[in-house]
>>> print(open('input26.tsv').read())   # TSV, C-alpha atoms
chain	number	residue	atom	x	y	z
A	1	MET	CA	-19.87	-42.10	16.80
A	2	LYS	CA	-18.25	-44.97	14.95
A	3	GLN	CA	-20.57	-44.52	11.99
A	4	THR	CA	-19.85	-40.77	11.92
A	5	LEU	CA	-16.13	-41.39	11.77
A	6	GLN	CA	-16.53	-43.96	9.02
A	7	THR	CA	-18.51	-41.55	6.82
A	8	SER	CA	-16.44	-38.44	7.55
A	9	ILE	CA	-14.44	-37.09	4.65
A	10	TRP	CA	-11.72	-36.16	7.15
A	11	SER	CA	-10.99	-39.83	7.79
A	12	ARG	CA	-9.14	-39.79	4.43
A	13	PRO	CA	-5.53	-38.62	4.93
A	14	ASP	CA	-5.38	-37.12	1.44
A	15	VAL	CA	-8.42	-34.97	2.20
A	16	ARG	CA	-6.60	-33.51	5.19
A	17	LEU	CA	-3.87	-32.41	2.78
A	18	VAL	CA	-5.81	-31.33	-0.29
A	19	LEU	CA	-8.76	-29.34	1.02
A	20	PRO	CA	-6.80	-27.05	3.39
A	21	ALA	CA	-4.07	-26.51	0.77
A	22	ARG	CA	-6.58	-25.55	-1.90
A	23	ALA	CA	-8.30	-23.20	0.53
A	24	LEU	CA	-4.94	-21.59	1.35
A	25	SER	CA	-4.36	-21.06	-2.35
A	26	TYR	CA	-7.71	-19.28	-2.65
A	27	ALA	CA	-6.72	-17.00	0.22
A	28	GLY	CA	-3.61	-16.07	-1.74
A	29	ASP	CA	-5.69	-15.54	-4.87
A	30	SER	CA	-8.00	-13.15	-3.01
A	31	ILE	CA	-5.02	-11.13	-1.84
A	32	ALA	CA	-3.58	-11.09	-5.36
A	33	LEU	CA	-6.86	-10.10	-7.01
A	34	ILE	CA	-7.26	-7.12	-4.72
A	35	ALA	CA	-3.65	-6.10	-5.30
A	36	LEU	CA	-4.01	-6.36	-9.07
A	37	MET	CA	-7.38	-4.61	-9.20
A	38	LEU	CA	-6.03	-1.72	-7.14
A	39	ARG	CA	-2.84	-1.57	-9.23
A	40	VAL	CA	-4.70	-1.52	-12.55
A	41	SER	CA	-7.55	0.77	-11.52
A	42	ASP	CA	-5.12	3.37	-10.17
A	43	GLY	CA	-4.65	5.87	-12.99
A	44	HIS	CA	-6.27	3.76	-15.69
A	45	GLY	CA	-10.02	3.23	-15.52
A	46	PRO	CA	-12.75	0.74	-16.50
A	47	ALA	CA	-11.05	-0.26	-19.75
A	48	ALA	CA	-7.91	-1.41	-17.93
A	49	VAL	CA	-9.92	-3.32	-15.34
A	50	THR	CA	-11.81	-4.99	-18.17
A	51	ALA	CA	-8.50	-5.97	-19.78
A	52	LEU	CA	-7.30	-7.46	-16.48
A	53	LEU	CA	-10.44	-9.54	-16.07
A	54	LEU	CA	-10.16	-10.65	-19.68
A	55	ALA	CA	-6.60	-11.80	-18.98
A	56	PHE	CA	-8.00	-14.01	-16.24
A	57	ALA	CA	-10.64	-15.42	-18.61
A	58	VAL	CA	-9.17	-15.81	-22.09
A	59	PRO	CA	-6.53	-18.50	-21.32
A	60	THR	CA	-9.16	-20.79	-19.84
A	61	VAL	CA	-11.13	-20.52	-23.06
A	62	ALA	CA	-8.06	-21.02	-25.23
A	63	MET	CA	-7.15	-24.14	-23.26
A	64	ILE	CA	-10.53	-25.85	-23.74
A	65	PRO	CA	-9.29	-28.19	-26.51
A	66	PHE	CA	-6.25	-29.24	-24.48
A	67	ALA	CA	-6.86	-29.01	-20.71
A	68	GLY	CA	-9.40	-31.82	-20.37
A	69	ARG	CA	-7.41	-34.20	-22.55
A	70	ILE	CA	-4.29	-33.50	-20.48
A	71	VAL	CA	-6.17	-34.17	-17.24
A	72	ASP	CA	-7.84	-37.36	-18.49
A	73	GLY	CA	-4.76	-38.59	-20.33
A	74	PHE	CA	-1.86	-38.25	-17.87
A	75	ASP	CA	-0.99	-39.14	-14.30
A	76	SER	CA	-2.64	-36.66	-11.92
A	77	ARG	CA	0.53	-36.06	-9.92
A	78	THR	CA	2.50	-35.08	-13.03
A	79	VAL	CA	-0.25	-32.74	-14.21
A	80	LEU	CA	-0.69	-31.06	-10.82
A	81	VAL	CA	3.01	-30.56	-10.13
A	82	TRP	CA	3.88	-29.01	-13.49
A	83	SER	CA	0.79	-26.80	-13.69
A	84	GLY	CA	1.50	-25.66	-10.12
A	85	LEU	CA	5.10	-24.79	-10.91
A	86	LEU	CA	3.93	-22.71	-13.87
A	87	GLN	CA	1.64	-20.79	-11.51
A	88	VAL	CA	4.46	-20.26	-9.02
A	89	ALA	CA	6.65	-18.75	-11.75
A	90	ALA	CA	3.87	-16.47	-12.96
A	91	GLY	CA	3.02	-15.36	-9.44
A	92	VAL	CA	6.62	-14.39	-8.68
A	93	GLY	CA	6.83	-12.57	-11.99
A	94	LEU	CA	3.71	-10.53	-11.18
A	95	ALA	CA	5.33	-9.34	-7.98
A	96	PHE	CA	8.23	-7.77	-9.89
A	97	VAL	CA	6.47	-6.07	-12.79
A	98	HIS	CA	4.44	-2.88	-12.63
A	99	ASP	CA	3.34	-1.92	-16.14
A	100	LEU	CA	-0.02	-2.95	-17.52
A	101	VAL	CA	1.23	-5.00	-20.49
A	102	ASN	CA	3.52	-7.29	-18.48
A	103	THR	CA	0.91	-7.62	-15.74
A	104	LEU	CA	-1.67	-8.82	-18.27
A	105	ALA	CA	0.81	-11.21	-19.92
A	106	LEU	CA	1.76	-12.87	-16.62
A	107	VAL	CA	-1.88	-13.15	-15.56
A	108	CYS	CA	-2.44	-15.08	-18.81
A	109	VAL	CA	0.43	-17.44	-17.94
A	110	LEU	CA	-1.00	-17.89	-14.45
A	111	GLN	CA	-4.39	-18.81	-15.89
A	112	ILE	CA	-2.94	-21.33	-18.36
A	113	GLY	CA	-1.71	-23.25	-15.34
A	114	GLN	CA	-5.05	-22.86	-13.61
A	115	ALA	CA	-6.92	-24.08	-16.72
A	116	VAL	CA	-5.21	-27.44	-16.23
A	117	ALA	CA	-4.86	-27.56	-12.44
A	118	GLY	CA	-8.52	-26.78	-11.74
A	119	PRO	CA	-9.98	-29.76	-13.66
A	120	ALA	CA	-7.17	-31.99	-12.38
A	121	TRP	CA	-8.03	-31.33	-8.74
A	122	GLY	CA	-11.75	-31.50	-9.54
A	123	ALA	CA	-11.40	-34.95	-11.09
A	124	LEU	CA	-9.07	-36.24	-8.37
A	125	ILE	CA	-11.17	-35.34	-5.31
A	126	PRO	CA	-13.99	-37.84	-6.14
A	127	ARG	CA	-11.32	-40.53	-6.41
A	128	ILE	CA	-10.08	-39.56	-2.94
A	129	VAL	CA	-13.41	-39.47	-1.08
A	130	GLY	CA	-15.53	-41.90	-3.10
A	131	GLU	CA	-18.67	-41.18	-5.11
A	132	GLU	CA	-21.01	-41.23	-2.10
A	133	LEU	CA	-19.20	-38.36	-0.36
A	134	VAL	CA	-18.68	-36.07	-3.35
A	135	GLY	CA	-21.48	-33.70	-2.31
A	136	ARG	CA	-20.21	-33.40	1.24
A	137	ALA	CA	-16.62	-32.97	0.10
A	138	THR	CA	-17.65	-30.28	-2.38
A	139	GLY	CA	-19.64	-28.37	0.22
A	140	THR	CA	-16.83	-28.64	2.77
A	141	SER	CA	-14.26	-27.52	0.22
A	142	GLN	CA	-16.35	-24.52	-0.79
A	143	ALA	CA	-16.89	-23.61	2.88
A	144	LEU	CA	-13.14	-23.70	3.49
A	145	ILE	CA	-12.65	-21.59	0.39
A	146	GLY	CA	-15.16	-19.15	1.88
A	147	VAL	CA	-13.08	-18.93	5.05
A	148	ALA	CA	-9.98	-18.47	2.93
A	149	THR	CA	-11.62	-15.77	0.84
A	150	LEU	CA	-12.73	-14.05	4.03
A	151	ALA	CA	-9.18	-14.03	5.39
A	152	GLY	CA	-7.55	-13.19	2.07
A	153	SER	CA	-9.92	-10.38	1.18
A	154	ALA	CA	-9.68	-8.86	4.64
A	155	ALA	CA	-5.89	-9.02	4.48
A	156	GLY	CA	-5.55	-7.97	0.85
A	157	GLY	CA	-6.29	-4.29	1.14
A	158	VAL	CA	-4.34	-4.02	4.39
A	159	LEU	CA	-1.31	-5.79	2.90
A	160	VAL	CA	-1.29	-3.52	-0.12
A	161	SER	CA	-1.46	-0.51	2.18
A	162	TRP	CA	1.38	-1.81	4.38
A	163	VAL	CA	3.83	-3.59	2.06
A	164	GLY	CA	2.59	-2.74	-1.43
A	165	SER	CA	1.44	-5.02	-4.22
A	166	ARG	CA	4.77	-6.88	-4.44
A	167	GLY	CA	4.50	-8.38	-0.98
A	168	ALA	CA	0.85	-9.30	-1.53
A	169	LEU	CA	1.62	-11.06	-4.82
A	170	LEU	CA	4.53	-12.99	-3.32
A	171	VAL	CA	2.13	-14.35	-0.72
A	172	ASP	CA	-0.05	-15.66	-3.55
A	173	ALA	CA	2.95	-17.30	-5.25
A	174	SER	CA	3.84	-19.08	-2.00
A	175	THR	CA	0.38	-20.66	-1.84
A	176	PHE	CA	0.88	-22.18	-5.30
A	177	LEU	CA	4.17	-23.61	-4.07
A	178	ALA	CA	2.31	-25.20	-1.16
A	179	LEU	CA	-0.06	-26.86	-3.64
A	180	VAL	CA	2.90	-28.28	-5.56
A	181	VAL	CA	4.19	-29.86	-2.34
A	182	VAL	CA	0.75	-31.28	-1.57
A	183	ALA	CA	0.47	-32.72	-5.09
A	184	GLN	CA	3.69	-34.63	-4.42
A	185	LEU	CA	2.48	-35.89	-1.04
A	186	VAL	CA	-1.02	-37.04	-2.02
A	187	GLN	CA	-1.14	-40.83	-2.27
A	188	THR	CA	-4.28	-41.09	-4.38
A	189	ARG	CA	-3.45	-41.05	-8.08
A	190	ARG	CA	-5.67	-40.79	-11.11
A	191	ARG	CA	-4.06	-42.91	-13.82
A	192	PRO	CA	-6.17	-43.14	-16.98
A	193	GLU	CA	-5.94	-46.01	-19.39
A	194	PRO	CA	-3.00	-45.85	-21.85
A	195	GLY	CA	-3.83	-43.80	-24.91
A	196	ALA	CA	-6.50	-41.72	-23.15
A	197	ALA	CA	-4.56	-38.52	-23.91
A	198	ARG	CA	-4.98	-39.24	-27.60
A	199	GLY	CA	-8.60	-40.31	-27.22
A	200	ARG	CA	-11.23	-38.79	-29.44
A	201	GLY	CA	-13.02	-35.71	-28.29
A	202	GLY	CA	-11.86	-32.97	-26.01
A	203	VAL	CA	-14.46	-30.22	-25.87
A	204	SER	CA	-16.97	-32.35	-27.77
A	205	ALA	CA	-16.69	-35.24	-25.31
A	206	GLY	CA	-17.24	-32.92	-22.37
A	207	LEU	CA	-20.21	-31.17	-23.95
A	208	ARG	CA	-21.78	-34.46	-25.06
A	209	ALA	CA	-21.69	-35.66	-21.46
A	210	ILE	CA	-23.31	-32.44	-20.28
A	211	PHE	CA	-26.09	-32.33	-22.87
A	212	GLY	CA	-26.73	-36.04	-22.50
A	213	ASP	CA	-27.85	-35.51	-18.92
A	214	ASP	CA	-31.43	-34.45	-18.09
A	215	ILE	CA	-30.50	-32.00	-15.33
A	216	LEU	CA	-27.19	-30.66	-16.61
A	217	LYS	CA	-28.63	-29.79	-20.01
A	218	ILE	CA	-30.92	-27.31	-18.22
A	219	LEU	CA	-28.59	-25.93	-15.58
A	220	VAL	CA	-25.35	-25.54	-17.55
A	221	PRO	CA	-26.83	-23.33	-20.33
A	222	ALA	CA	-28.58	-21.42	-17.54
A	223	LEU	CA	-25.22	-20.86	-15.89
A	224	TRP	CA	-23.85	-19.50	-19.17
A	225	ILE	CA	-26.67	-16.96	-19.40
A	226	PHE	CA	-26.39	-16.13	-15.72
A	227	VAL	CA	-22.66	-15.46	-16.02
A	228	VAL	CA	-23.29	-12.81	-18.68
A	229	ALA	CA	-25.52	-10.82	-16.33
A	230	GLY	CA	-23.88	-11.70	-13.02
A	231	GLU	CA	-20.21	-11.15	-13.84
A	232	ALA	CA	-20.63	-7.88	-15.69
A	233	VAL	CA	-20.69	-6.13	-12.32
A	234	ASN	CA	-17.12	-7.24	-11.58
A	235	VAL	CA	-15.82	-4.56	-13.92
A	236	VAL	CA	-17.42	-1.73	-11.96
A	237	GLU	CA	-17.36	-3.09	-8.39
A	238	VAL	CA	-14.13	-1.37	-7.44
A	239	PHE	CA	-15.52	1.94	-8.73
A	240	LEU	CA	-18.81	1.48	-6.89
A	241	ILE	CA	-16.97	1.00	-3.61
A	242	THR	CA	-14.08	3.44	-3.94
A	243	ASP	CA	-15.70	6.20	-6.02
A	244	GLU	CA	-19.49	6.13	-5.55
A	245	LEU	CA	-19.35	5.31	-1.83
A	246	GLY	CA	-15.98	6.94	-1.19
A	247	LEU	CA	-14.47	3.95	0.62
A	248	GLY	CA	-10.77	3.12	0.58
A	249	ALA	CA	-8.73	0.04	-0.24
A	250	ALA	CA	-9.21	-1.56	3.18
A	251	LEU	CA	-13.01	-1.32	2.97
A	252	TYR	CA	-12.93	-2.63	-0.59
A	253	GLY	CA	-11.23	-5.66	0.92
A	254	ALA	CA	-13.85	-5.76	3.69
A	255	ALA	CA	-16.61	-6.08	1.09
A	256	GLY	CA	-14.80	-9.06	-0.39
A	257	ALA	CA	-14.46	-10.49	3.11
A	258	ALA	CA	-18.22	-10.16	3.63
A	259	THR	CA	-18.77	-12.10	0.42
A	260	GLY	CA	-16.43	-14.79	1.68
A	261	ALA	CA	-18.28	-15.00	4.98
A	262	GLY	CA	-21.57	-15.52	3.17
A	263	ALA	CA	-20.01	-18.15	0.92
A	264	ILE	CA	-19.11	-20.21	4.00
A	265	LEU	CA	-22.76	-20.47	4.99
A	266	GLY	CA	-23.99	-21.10	1.44
A	267	ALA	CA	-21.46	-23.84	0.76
A	268	TRP	CA	-22.00	-25.45	4.15
A	269	TYR	CA	-25.72	-25.65	3.48
A	270	SER	CA	-25.23	-26.93	-0.06
A	271	GLY	CA	-23.01	-29.75	1.18
A	272	ARG	CA	-25.96	-31.04	3.17
A	273	LEU	CA	-28.36	-31.15	0.25
A	274	ASN	CA	-29.25	-34.74	-0.56
A	275	GLY	CA	-30.04	-35.75	-4.12
A	276	ASP	CA	-29.72	-34.17	-7.52
A	277	ARG	CA	-33.09	-32.45	-7.45
A	278	ALA	CA	-32.30	-30.64	-4.19
A	279	ARG	CA	-28.95	-29.53	-5.59
A	280	ALA	CA	-30.63	-28.25	-8.77
A	281	VAL	CA	-32.97	-26.15	-6.62
A	282	GLY	CA	-29.93	-24.93	-4.71
A	283	VAL	CA	-28.42	-23.65	-7.96
A	284	VAL	CA	-31.62	-21.72	-8.76
A	285	VAL	CA	-31.87	-20.23	-5.28
A	286	GLY	CA	-28.23	-19.19	-5.47
A	287	MET	CA	-28.87	-17.41	-8.76
A	288	ALA	CA	-31.83	-15.51	-7.32
A	289	ALA	CA	-29.89	-14.51	-4.19
A	290	ILE	CA	-27.00	-13.13	-6.24
A	291	GLY	CA	-29.35	-11.15	-8.48
A	292	GLY	CA	-31.35	-9.62	-5.65
A	293	SER	CA	-28.21	-8.74	-3.72
A	294	SER	CA	-26.67	-7.06	-6.76
A	295	VAL	CA	-29.68	-4.76	-6.90
A	296	LEU	CA	-29.26	-4.01	-3.20
A	297	MET	CA	-25.57	-3.16	-3.65
A	298	GLY	CA	-26.38	-0.89	-6.57
A	299	LEU	CA	-28.84	1.03	-4.40
A	300	ALA	CA	-26.61	1.05	-1.30
A	301	GLY	CA	-26.08	4.44	0.31
A	302	ASN	CA	-23.80	3.35	3.13
A	303	LEU	CA	-21.32	0.71	4.20
A	304	VAL	CA	-23.83	-1.38	6.16
A	305	THR	CA	-26.18	-1.85	3.20
A	306	LEU	CA	-23.22	-2.62	0.96
A	307	LEU	CA	-21.96	-5.31	3.34
A	308	ILE	CA	-25.41	-6.89	3.62
A	309	GLY	CA	-25.59	-7.15	-0.15
A	310	ALA	CA	-22.04	-8.49	-0.41
A	311	THR	CA	-22.72	-11.10	2.30
A	312	THR	CA	-25.89	-12.32	0.60
A	313	ILE	CA	-24.09	-12.54	-2.73
A	314	GLY	CA	-21.61	-14.77	-0.95
A	315	VAL	CA	-24.38	-17.03	0.36
A	316	GLY	CA	-25.81	-17.39	-3.13
A	317	SER	CA	-22.41	-17.95	-4.70
A	318	GLY	CA	-21.41	-20.57	-2.15
A	319	MET	CA	-24.66	-22.48	-2.63
A	320	LEU	CA	-24.59	-22.21	-6.42
A	321	ASN	CA	-20.95	-23.23	-6.84
A	322	ALA	CA	-21.04	-26.17	-4.46
A	323	ALA	CA	-24.34	-27.53	-5.79
A	324	ALA	CA	-23.36	-27.11	-9.45
A	325	ASN	CA	-19.94	-28.70	-8.96
A	326	ALA	CA	-21.42	-31.68	-7.12
A	327	LEU	CA	-23.98	-32.19	-9.89
A	328	VAL	CA	-21.39	-32.04	-12.66
A	329	VAL	CA	-19.08	-34.52	-10.93
A	330	THR	CA	-21.69	-37.04	-9.80
A	331	ARG	CA	-23.64	-37.08	-13.05
A	332	THR	CA	-20.72	-37.67	-15.42
A	333	ALA	CA	-18.58	-40.76	-16.03
A	334	GLU	CA	-15.22	-40.84	-14.24
A	335	ALA	CA	-13.25	-41.41	-17.44
A	336	VAL	CA	-14.36	-38.09	-18.97
A	337	ARG	CA	-14.57	-35.90	-15.85
A	338	GLY	CA	-11.45	-33.95	-16.73
A	339	ARG	CA	-12.90	-33.07	-20.13
A	340	VAL	CA	-16.32	-32.27	-18.66
A	341	ILE	CA	-14.86	-29.94	-16.02
A	342	ALA	CA	-12.53	-28.32	-18.55
A	343	ALA	CA	-15.36	-27.84	-21.05
A	344	LEU	CA	-17.58	-26.36	-18.35
A	345	ASN	CA	-14.85	-24.04	-17.08
A	346	GLY	CA	-13.89	-22.96	-20.57
A	347	THR	CA	-17.40	-22.25	-21.78
A	348	VAL	CA	-18.23	-20.38	-18.59
A	349	ARG	CA	-15.12	-18.29	-19.13
A	350	SER	CA	-16.23	-17.64	-22.71
A	351	PHE	CA	-19.40	-16.07	-21.41
A	352	SER	CA	-17.32	-14.26	-18.78
A	353	ILE	CA	-15.50	-12.52	-21.60
A	354	LEU	CA	-18.80	-11.35	-23.04
A	355	ALA	CA	-19.87	-10.27	-19.55
A	356	MET	CA	-16.74	-8.20	-19.08
A	357	LEU	CA	-17.16	-6.49	-22.42
A	358	LEU	CA	-20.78	-5.71	-21.60
A	359	GLY	CA	-19.79	-4.64	-18.08
A	360	GLY	CA	-17.29	-2.13	-19.42
A	361	LEU	CA	-19.91	-0.77	-21.82
A	362	ALA	CA	-22.59	-0.70	-19.12
A	363	GLY	CA	-20.22	1.04	-16.73
A	364	ALA	CA	-19.62	3.78	-19.28
A	365	LEU	CA	-23.33	4.17	-20.14
A	366	LEU	CA	-25.08	3.45	-16.84
A	367	GLY	CA	-22.40	4.05	-14.24
A	368	PRO	CA	-21.53	1.60	-11.43
A	369	ARG	CA	-24.90	1.82	-9.70
A	370	GLY	CA	-26.96	1.43	-12.85
A	371	THR	CA	-24.86	-1.55	-13.91
A	372	PHE	CA	-25.39	-3.34	-10.59
A	373	VAL	CA	-29.16	-2.76	-10.63
A	374	THR	CA	-29.64	-3.74	-14.28
A	375	CYS	CA	-27.56	-6.89	-14.02
A	376	GLY	CA	-29.20	-7.87	-10.75
A	377	VAL	CA	-32.67	-7.65	-12.25
A	378	ALA	CA	-31.51	-9.75	-15.21
A	379	CYS	CA	-30.14	-12.42	-12.82
A	380	VAL	CA	-33.41	-12.63	-10.91
A	381	ALA	CA	-35.32	-12.99	-14.18
A	382	ALA	CA	-32.97	-15.78	-15.29
A	383	ALA	CA	-33.46	-17.57	-11.96
A	384	VAL	CA	-37.24	-17.47	-12.37
A	385	VAL	CA	-37.05	-18.99	-15.86
A	386	VAL	CA	-34.62	-21.72	-14.78
A	387	GLY	CA	-36.71	-22.49	-11.72
A	388	ALA	CA	-39.74	-23.01	-13.95
A	389	LEU	CA	-37.78	-25.37	-16.20
A	390	VAL	CA	-36.52	-27.37	-13.23
A	391	ALA	CA	-40.04	-27.61	-11.81
A	392	ARG	CA	-41.37	-28.69	-15.21
A	393	SER	CA	-38.66	-31.32	-15.44
A	394	LYS	CA	-39.71	-32.60	-12.03
A	395	ALA	CA	-43.34	-32.74	-13.10
A	396	GLU	CA	-42.41	-34.56	-16.30
A	397	SER	CA	-40.39	-37.09	-14.29
A	398	LYS	CA	-43.39	-37.78	-12.08
A	399	ASP	CA	-45.62	-38.10	-15.13
A	400	SER	CA	-43.16	-40.57	-16.66
A	401	GLU	CA	-43.10	-42.62	-13.45
A	402	LEU	CA	-46.89	-42.71	-13.31
A	403	GLU	CA	-47.05	-43.72	-16.97
A	404	ALA	CA	-44.55	-46.49	-16.36
A	405	LEU	CA	-46.59	-47.76	-13.42
A	406	SER	CA	-49.81	-47.68	-15.44
A	407	HIS	CA	-48.24	-49.97	-18.01
>>> encode(input="input26.tsv", output="structure tokens")
Amino acid sequence: MKQTLQTSIWSRPDVRLVLPARALSYAGDSIALIALMLRVSDGHGPAAVTALLLAFAVPTVAMIPFAGRIVDGFDSRTVLVWSGLLQVAAGVGLAFVHDLVNTLALVCVLQIGQAVAGPAWGALIPRIVGEELVGRATGTSQALIGVATLAGSAAGGVLVSWVGSRGALLVDASTFLALVVVAQLVQTRRRPEPGAARGRGGVSAGLRAIFGDDILKILVPALWIFVVAGEAVNVVEVFLITDELGLGAALYGAAGAATGAGAILGAWYSGRLNGDRARAVGVVVGMAAIGGSSVLMGLAGNLVTLLIGATTIGVGSGMLNAAANALVVTRTAEAVRGRVIAALNGTVRSFSILAMLLGGLAGALLGPRGTFVTCGVACVAAAVVVGALVARSKAESKDSELEALSH
């Protein structure tokens, strides 16, 4: 029992603040996303939904040259407080606008704050728990986020039905305010060496660290390709559920809740994977699960089949996200983690933009069902290729070890 307590991430007071607060923020985000998707899809169509998703993606890409250098170059508390306040302001603004143009503009402001806050929290958590507990902390955090997504998605459609989008969006703004308070209370600080903010290399430093690593140089480009196929379905999901299957706002939220429930299990399992090789396999399995489940959702003829597919997508997403995040953090140097995380987030968002453009085109040409099936098959194919590369890498490592022993 004593050993368990000593190795528990919950023995760190800052963990007891940060992980629940971040999960609460994700619950608010789930509510807000449902509210915004329903607002934009009502009376507009796939093009407007694509524009909304692009507004979530473009600022992260635009901030690539700056976000990582800010995170690595300034005190973590300062970065987290000011980026959080920017998100609070944008969230409140979204609650009081209704037209498409202002909605898109404020989503962009919201995401500028997130482009900095995300890497800042990501780089701070290893400092809080220690390198040896990063995998467990990542899995636990993702599991809590799954619970939060479950609660937020389930509540989102209901809240919009009861109090409208304004009330739902104000709830999201309040969760950002809670994160600002937590950022002030956290005792652990990340204080880089003086001059780090002006250090050479923002995007380039992050990408060099990624491509200099034997595992990350396989998995990160694979993630980029996977995002193109996997995220294209986001554009048409609301139309699959509300139009093709004839379900309402509350059941659209229920599908998101099922995904959150699956993510709890996937993240919990990923947090118990030991070693980089096991986590790399977890990423591949997550990719395959998401692809297969997308096909199932595209073929779904009833709510039960839809929920099974959504739940399994959650399992794959939880496993993939937790395993990939743990690998990126543990296999990069602490001094450049902000830039690595920012470069990863920004490049992934770049491919998200392409995915959304392709998703809008696919939705128009193939319809919601055809888009889900086509993208799901592409994801499964990508998982097979990546799995083969990971297995080959493992074989080459063994061959190298045997060669070293023979000499």
>>> residues_around(input="input26.tsv", residues="region 30-35 of chain A", least_positions_apart="5", cutoff="7 Å", atoms="all atoms listed in the file", output="PyMOL selection string")
chain A and resi 149+152-153+155-157+160+165+168-169+172
>>> closest_residue(input="input26.tsv", among="A:Val158, A:Leu179, A:Leu38, A:Leu170", to="Gly118 (chain A)", atoms="all atoms listed in the file")
A:Leu179
>>> residues_around(input="input26.tsv", residues="Trp82 (chain A)", least_positions_apart="5", cutoff="9 Å", atoms="all atoms listed in the file", output="ChimeraX atom specification")
/A:77,87,113,117,180
>>> closest_residue(input="input26.tsv", among="A:Ser294, A:Ser204, A:Thr259, A:Asn325", to="Ala310 (chain A)", atoms="all atoms listed in the file")
A:Thr259
>>> residues_near_point(input="input26.tsv", point="(-21.5, -18.7, -21.6)", cutoff="10 Å", atoms="all atoms listed in the file", output="list in words")
Val220, Pro221, Ala222, Leu223, Trp224, Ile225, Phe226, Val227, Val228, Leu344, Asn345, Gly346, Thr347, Val348, Arg349, Ser350, Phe351, Ser352, Ile353, Leu354 and Ala355 of chain A
>>> residues_near_point(input="input26.tsv", point="(-25.0, -4.2, -21.5)", cutoff="12 Å", atoms="only C-alpha atoms", output="PyMOL selection string")
chain A and resi 228-233+235+354-367+370-375+378
>>> write_last_selection(input="input26.tsv", atoms="C-alpha atoms", output="short mmCIF file (atom, residue, chain, number, x, y, z; two decimals), in the coordinates of the input")
data_model
loop_
_atom_site.label_atom_id
_atom_site.label_comp_id
_atom_site.auth_asym_id
_atom_site.auth_seq_id
_atom_site.Cartn_x
_atom_site.Cartn_y
_atom_site.Cartn_z
CA VAL A 228 -23.29 -12.81 -18.68
CA ALA A 229 -25.52 -10.82 -16.33
CA GLY A 230 -23.88 -11.70 -13.02
CA GLU A 231 -20.21 -11.15 -13.84
CA ALA A 232 -20.63 -7.88 -15.69
CA VAL A 233 -20.69 -6.13 -12.32
CA VAL A 235 -15.82 -4.56 -13.92
CA LEU A 354 -18.80 -11.35 -23.04
CA ALA A 355 -19.87 -10.27 -19.55
CA MET A 356 -16.74 -8.20 -19.08
CA LEU A 357 -17.16 -6.49 -22.42
CA LEU A 358 -20.78 -5.71 -21.60
CA GLY A 359 -19.79 -4.64 -18.08
CA GLY A 360 -17.29 -2.13 -19.42
CA LEU A 361 -19.91 -0.77 -21.82
CA ALA A 362 -22.59 -0.70 -19.12
CA GLY A 363 -20.22 1.04 -16.73
CA ALA A 364 -19.62 3.78 -19.28
CA LEU A 365 -23.33 4.17 -20.14
CA LEU A 366 -25.08 3.45 -16.84
CA GLY A 367 -22.40 4.05 -14.24
CA GLY A 370 -26.96 1.43 -12.85
CA THR A 371 -24.86 -1.55 -13.91
CA PHE A 372 -25.39 -3.34 -10.59
CA VAL A 373 -29.16 -2.76 -10.63
CA THR A 374 -29.64 -3.74 -14.28
CA CYS A 375 -27.56 -6.89 -14.02
CA ALA A 378 -31.51 -9.75 -15.21
#
>>> atom_distance(input="input26.tsv", atom1="CA of Val236 (chain A)", atom2="CA of Pro368 (chain A)")
5.3 Å
>>> atom_distance(input="input26.tsv", atom1="CA of Ala205 (chain A)", atom2="CA of Pro192 (chain A)")
15.6 Å
>>> closest_residue(input="input26.tsv", among="A:Leu53, A:Ile341, A:Leu245, A:Ala263", to="Met319 (chain A)", atoms="all atoms listed in the file")
A:Ala263
>>> atom_distance(input="input26.tsv", atom1="CA of Gly260 (chain A)", atom2="CA of Ala323 (chain A)")
16.8 Å
>>> closest_residue(input="input26.tsv", among="A:Ser25, A:Thr103, A:Thr188, A:Thr78", to="Pro126 (chain A)", atoms="all atoms listed in the file")
A:Thr188
>>> closest_residue(input="input26.tsv", among="A:Ile70, A:Leu159, A:Ala183, A:Ala324", to="Ile218 (chain A)", atoms="all atoms listed in the file")
A:Ala324
>>> closest_residue(input="input26.tsv", among="A:Ile241, A:Ile128, A:Val107, A:Val186", to="Leu86 (chain A)", atoms="all atoms listed in the file")
A:Val107
>>> residues_around(input="input26.tsv", residues="Ala383 (chain A)", least_positions_apart="3", cutoff="7 Å", atoms="all atoms listed in the file", output="compact mmCIF listing (two decimals) with C-alpha atoms, keeping the file's coordinate frame")
# COMPACT_ATOMS: atom_id res chain seq x y z
CA VAL A 284 -31.62 -21.72 -8.76
CA MET A 287 -28.87 -17.41 -8.76
CA ALA A 288 -31.83 -15.51 -7.32
CA CYS A 379 -30.14 -12.42 -12.82
CA VAL A 380 -33.41 -12.63 -10.91
CA VAL A 386 -34.62 -21.72 -14.78
CA GLY A 387 -36.71 -22.49 -11.72
>>> residues_around(input="input26.tsv", residues="Leu327 (chain A)", least_positions_apart="2", cutoff="12 Å", atoms="only C-alpha atoms", output="PyMOL selection string")
chain A and resi 131+134-136+138-139+210+213-220+270-271+273-283+320-325+329-333+337+340-341
